[in-house]
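Trainee: Submitted below is the structure of interest, expressed as structure tokens.
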Amino acid sequence: MQSSTIFFSGVGVPPPSLRVRSVLTPATDRGGSMSTSTGGPKWAQKTITLPPQRRGCHLITPMIVKEIGQDLSGFSCGLAHVFLQHTSASLTINENYDPDVQADTETFLNSIVPEGRSAPWRHTMEGPDDMPAHIKSSMFGCQLTIPITKGKLGMGTWQGIWLCEHRDAPTARRVVVTLNGI
Amino acid sequence: MQSSTIFFSGVGVPPPSLRVRSVLTPATDRGGSMSTSTGGPKWAQKTITLPPQRRGCHLITPMIVKEIGQDLSGFSCGLAHVFLQHTSASLTINENYDPDVQADTETFLNSIVPEGRSAPWRHTMEGPDDMPAHIKSSMFGCQLTIPITKGKLGMGTWQGIWLCEHRDAPTARRVVVTLNGI
Amino acid sequence: MQSSTIFFSGVGVPPPSLRVRSVLTPATDRGGSMSTSTGGPKWAQKTITLPPQRRGCHLITPMIVKEIGQDLSGFSCGLAHVFLQHTSASLTINENYDPDVQADTETFLNSIVPEGRSAPWRHTMEGPDDMPAHIKSSMFGCQLTIPITKGKLGMGTWQGIWLCEHRDAPTARRVVVTLNGI
């Protein structure tokens with residue numbers, strides 16, 4: 001796993017005084033949010049190269065968090081955007097516990113997208129698994145936006161980020177992560 | 001191709017004077033956007049617990065707007081992010097008028113994702129409807145980003161936010177709404 | 001319906017000086033990012049009306065970039081959000097090179113969503129292609145978020161933005177583009 005280009009900007013500019021309005025937030029939280037917001041809104045962007053994975057669905061939350069965890073901790077509230085720069089793989093959020101869910105999802109995708117001789121595709125020049133891969137990529141999508149809450153990804157208890165590799169030949173995949181918040 | 005309403009704001013800015021550039025925006029709009037942008041960019045985040053719903057697709061725009069409408073009104077331009085913290089339900093945007101569209105969508109999902117004895121799933125320990133629910137969750141996704149324009153969600157006339165409950169047993173579902181804008 | 005934790009921050013707060021941290025970014029880039037970030041975070045929003053397209057998948061990156069390219073160039077880092085205000089068409093990111101991929105994707109969608117006399121839909125009053133169009137719209141979605149890097153959309157080499165028109169009758173389609181960044 002390689003990574004490159006990250007830049008951070010505490011932008012933001014001098015109002016006469018900090019304007020913070022809190023609703024339904026206990027004092028301790030309010031304190032927390034204020035302490036991190038004093039630097040103004042921040043942006044961070046990082047390109048992560050994920051190692052080649054075999055065809056199928058793979059839990060990549062640990063890889064992503066390893067790369068951005070330290071940056072995340074500087075945000076009390078915000079959004080994390082994860083963007084896959086490819087058209088034959090996909091990103092989705094699903095179960096983080098039982099790997100059978102990943103296997104079954106791959107079974108499903110293969111069952112509804114025809115592949116091989118009986119498939120009706122025109123686009124075959126890159127191999128029999130290529131056009132099915134493009135279709136699966138649009139079905140699940142190549143982008144996720146996840147809330148940031150108190151320095152962490154605000155996913156549910158059982159949610160994880162999956163990289164779904166739809167090609168037979170494992171390839172390194174590039175993901176652009178953009179963080180924005182206070 | 002036609003275009004309309006663009007406004008640009010260098011927000012939270014030091015300036016001798018507020019830096020707002022408006023292009024193709026009538027004077028009245030420009031006034032509106034300036035009045036809300038004087039305080040700089042804002043963030044809001046709220047966790048909403050939606051009541052249990054029966055299996056199927058449900059229009060939840062009114063519930064969401066009831067929870068965030070007052071906060072929304074403070075933004076002239078921005079984005080609203082809605083994130084479902086579960087892996088056996090989904091969020092999507094679709095028809096807000098004829099409930100038959102919701103029923104037909106549920107019919108479609110059930111027709112393409114096998115369930116019961118003939119289904120090929122390994123992951124069966126949480127019931128026959130669980131693995132199909134995970135698949136449907138990745139098909140529709142668990143996250144929406146919607147523009148905010150002049151204090152309101154910028155959806156089209158016929159668009160609404162749907163919560164699709166893919167489990168047989170109704171459960172309360174948590175949604176994290178994050179607002180960001182000026 | 002219960003709700004919890006909302007916090008609001010008018011950020012844009014007084015650092016002694018502009019706080020920019022760059023990691024692994026060459027000096028020339030750092031200079032570039034600083035030069036655009038001095039004005040604080042920016043927002044832009046524009047509604048684009050796309051011309052009517054025949055049923056099928058269409059590459060619209062050139063149309064979108066023509067409309068927002070000049071605005072994009074002012075952002076060193078950010079996010080571009082593209083939102084389709086309709087429920088019978090969709091937006092997705094896929095191959096930008098071989099138009100056969102677009103044709104094959106349309107073939108796939110038609111093969112899995114029943115249409116015509118054998119279809120089980122209740123919602124038929126707007127024509128036999130309407131309910132299938134709604135389903136396809138939720139399958140691919142109506143919204144994209146794309147990173148902005150150094151003044152351009154940060155898509156991969158082979159990625160493009162597609163408008164998928166799911167109705168038989170071509171109609172003009174409205175897209176709201178929101179840019180946010182520094």
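Following the order of the structure tokens, first chain is A, next is B, and so on, with residues numbered from 1 inside each chain and ligands from 1 in the order they appear.
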Up to 8 Å from chain A, what residues of chain B turn up? Count only C-alpha atoms and give them as a ChimeraX atom specification.
Mentor: /B:11-14,39,41,43-45,83-87,112-113,120-123,131,134-135,137-143,176,178
Trainee: Provide the CA of Thr49 (chain C) to CA of Gly74 (chain B) distance in Å, to one decimal place.
Mentor: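 Pair CA of Thr49 (chain C) / CA of Gly74 (chain B) returns 26.9 Å.
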Trainee: Run DSSP on the backbone and grab whatever in region 30-178 of chain B lands in helix (DSSP H, G or I); send it over as number ranges by chain.
Mentor: B: 30-37, 61-72, 99-112, 130-140
Trainee: If I take CA of His58 (chain A) and CA of Arg173 (chain B), how far is one from the other in Å, to one decimal?
Mentor: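 According to the coordinates, CA of His58 (chain A) and CA of Arg173 (chain B) are separated by 25.3 Å.
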Trainee: Please run DSSP on the backbone and report, as a ChimeraX atom specification, all residues within region 16-147 of chain A that come out as strand (DSSP E or B).
Mentor: /A:19-23,42-50,56-59,77-84,89-95,143-147
Trainee: Go through A:Ala119, A:Leu72, A:Leu179, A:Leu163 and flag the residue nearest Lys150 (chain A), using only C-alpha atoms for the distances.
Mentor: A:Leu72
Trainee: Have a look at CA of Glu67 (chain C) and CA of Ala172 (chain C) and let me know their distance in Å, one decimal.
Mentor: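 Answer for the CA of Glu67 (chain C) to CA of Ala172 (chain C) separation: 15.9 Å.
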Trainee: Please provide as number ranges by chain all residues within 12 Å of Asp129 (chain C), with the sequence filter that same-chain residues fewer than 2 positions apart are discarded (counting only C-alpha atoms).
Mentor: C: 55, 88-89, 110, 113-117, 119, 121, 123-127, 131-136, 165-169
Trainee: Any chance you can output those residues with C-alpha atoms as a PDB file, in the first residue's frame?
Mentor:
ATOM      1  CA  ARG C  55     -32.975   6.183 -23.994  1.00  0.00           C
ATOM      2  CA  SER C  88     -36.575   8.215 -14.216  1.00  0.00           C
ATOM      3  CA  ALA C  89     -32.952   8.774 -15.221  1.00  0.00           C
ATOM      4  CA  ASN C 110     -33.287  -3.818 -19.878  1.00  0.00           C
ATOM      5  CA  VAL C 113     -35.958  -4.955 -15.217  1.00  0.00           C
ATOM      6  CA  PRO C 114     -39.123  -6.391 -16.807  1.00  0.00           C
ATOM      7  CA  GLU C 115     -41.045  -4.082 -19.142  1.00  0.00           C
ATOM      8  CA  GLY C 116     -44.261  -4.499 -21.092  1.00  0.00           C
ATOM      9  CA  ARG C 117     -47.110  -6.960 -20.738  1.00  0.00           C
ATOM     10  CA  ALA C 119     -44.086  -6.997 -16.153  1.00  0.00           C
ATOM     11  CA  TRP C 121     -45.955  -3.421 -12.099  1.00  0.00           C
ATOM     12  CA  HIS C 123     -47.612   1.781 -11.495  1.00  0.00           C
ATOM     13  CA  THR C 124     -48.421   1.823 -15.228  1.00  0.00           C
ATOM     14  CA  MET C 125     -50.312   5.061 -15.725  1.00  0.00           C
ATOM     15  CA  GLU C 126     -47.292   6.915 -17.097  1.00  0.00           C
ATOM     16  CA  GLY C 127     -46.467   4.271 -19.699  1.00  0.00           C
ATOM     17  CA  MET C 131     -41.810   2.006 -13.644  1.00  0.00           C
ATOM     18  CA  PRO C 132     -38.706   0.297 -15.079  1.00  0.00           C
ATOM     19  CA  ALA C 133     -37.160   3.780 -15.304  1.00  0.00           C
ATOM     20  CA  HIS C 134     -37.800   4.421 -11.592  1.00  0.00           C
ATOM     21  CA  ILE C 135     -36.148   1.126 -10.640  1.00  0.00           C
ATOM     22  CA  LYS C 136     -33.081   1.797 -12.806  1.00  0.00           C
ATOM     23  CA  GLU C 165     -31.896   8.175 -19.717  1.00  0.00           C
ATOM     24  CA  HIS C 166     -34.386   5.469 -18.821  1.00  0.00           C
ATOM     25  CA  ARG C 167     -37.501   6.862 -20.538  1.00  0.00           C
ATOM     26  CA  ASP C 168     -38.357   6.311 -24.198  1.00  0.00           C
ATOM     27  CA  ALA C 169     -39.219   9.953 -24.756  1.00  0.00           C
TER      28      ALA C 169
END
